[in-house]
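Student: Right, I'll just put the structure down here and ask away after.
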Amino acid sequence: MGKPIPNNLDYVSVTENETSLVNENKTEQTTNDNNEMSEIPELREYKGRTYTIEIAAGAILGGLSVLIGFLWDAYVEGILGGPQFAPGMTWLDLLAIPILVAFFVFGIRSGLIACVIGCGAIAGYLSEGGFGWLAMLPKFVATITMFLVPWTILKINNNRKAKNKFRILKTLDYSSETFNSVGNYAFLMGNAILFRMIFTFIFNLFVVIPLYFYLVYGGETFETVFTEPILFLTFVGGYTAWNIVQGVSDSIISYLIAYPTHLYKVFSTW
């Protein structure tokens, strides 16, 4: 006997099943392609051991900090001047902005490299009259505090998470993404500004101001807060107050550059 003739209904059913499978495969492939395309702008493949990128980014942004600092010192500072209660400081200083962006986007190594380069250049500022190295010291302490404190908080929080220990704020993951939240950012940078105020107060009181008076006036007696308490506390109080203002402006401007623009999504390495 010959082969049975397939029922037309069976043939239609098989065809529809094959067509359905083809469509499902195409849909799945399209979904996978879309997922891959969505990951491309975030450059996720660069996360991990990215020492070369971090070092290069830190050097570039540190160089940008140097350029901003010298241009500001040469052209803008003479026009704007600075507060009378904090001699030597300007009303607004943008030098730390590239340094903080380096940290937010590329991590702690980039921040440290950019900070050393950007703050180190202050030693060559013409307006400091040969005392640029002295002006460099408090600026370095103030700037490094702005990212070292948040990094330390995230590092401790991450270690406690790894050990399944209690964490006060569970949303603080060790990642650039953490700073994108306005609440997280306010908490982390608020702590940074607080510690900046404390560290700069102590450093100016016991190191910078005594050295400044000694180098400028060359007195036989090495003046300190213990010999001239009112004078020293007045100066240091002014510097501390303006460090708060400077810290707030550094935080706001750096955030606007790194996060609403999605710069961190494109280049973040941590």
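Each chain in the structure tokens gets a letter, A, B, ..., in the order shown, and its residues are numbered from 1; ligands are numbered from 1 in order too.
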Near region 232-235 of chain A, within 7 Å and counting only C-alpha atoms, which residues show up once chain neighbours fewer than 3 positions away are dropped, as a PyMOL selection string?

Tutor: chain A and resi 85-86+205+225+228-229+238-239

Student: My list of candidates is A:Pro83, A:Gly58, A:Gly78, A:Gly107. Which is closest to Tyr264 (chain A) when distances are computed with only C-alpha atoms?

Tutor: A:Gly107

Student: I'd like the neighbourhood of Gly247 (chain A) as a ChimeraX atom specification, where a residue qualifies if any of its atoms comes within 10 Å (using only C-alpha atoms), though same-chain residues fewer than 3 positions away should be ignored.

Tutor: /A:93,96,142-143,145-146,189-190,192-194,196-197,242-244,250-252

Student: Please produce a file of the residues just selected, as a compact mmCIF listing (two decimals), in the first residue's frame, where the atoms kept are C-alpha atoms.

Tutor:
```txt
# COMPACT_ATOMS: atom_id res chain seq x y z
CA ASP A 93 37.86 77.78 43.98
CA ALA A 96 38.97 70.40 43.38
CA ALA A 142 40.85 69.78 52.53
CA THR A 143 40.52 68.15 49.10
CA THR A 145 39.18 64.59 52.88
CA MET A 146 36.31 65.21 50.44
CA MET A 189 29.42 64.30 51.33
CA GLY A 190 27.91 65.78 54.48
CA ALA A 192 33.12 64.61 54.17
CA ILE A 193 32.44 68.31 54.81
CA LEU A 194 32.21 67.71 58.56
CA ARG A 196 37.05 68.57 56.31
CA MET A 197 36.06 71.23 58.82
CA TRP A 242 34.98 79.16 54.38
CA ASN A 243 36.02 75.52 54.05
CA ILE A 244 32.39 74.63 54.75
CA ASP A 250 32.69 71.42 45.44
CA SER A 251 30.11 68.73 46.22
CA ILE A 252 27.26 70.31 44.24
```

Student: Quick one: residues within 8 Å of Phe140 (chain A), only C-alpha atoms, excluding same-chain residues fewer than 3 positions away - as a VMD selection string?

Tutor: chain A and resid 115 to 116 119 to 120 136 to 137 143 to 144

Student: Please provide the set of residues having any atom within 8 Å of Asn191 (chain A), restricted to only C-alpha atoms, with same-chain residues fewer than 3 positions apart removed, written as a list in words.

Tutor: Val149, Pro150, Phe187, Leu188, Leu194 and Phe195 of chain A

Student: Store the residues picked out above in a file with C-alpha atoms, as a PDB file, in the first residue's frame.

Tutor:
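Result file is part_22.pdb:
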```
ATOM      1  CA  VAL A 149      35.954  60.033  53.971  1.00  0.00           C
ATOM      2  CA  PRO A 150      33.144  58.759  51.657  1.00  0.00           C
ATOM      3  CA  PHE A 187      24.901  61.700  53.658  1.00  0.00           C
ATOM      4  CA  LEU A 188      28.357  60.807  52.319  1.00  0.00           C
ATOM      5  CA  LEU A 194      32.209  67.715  58.559  1.00  0.00           C
ATOM      6  CA  PHE A 195      35.583  65.956  58.662  1.00  0.00           C
TER       7      PHE A 195
END
```
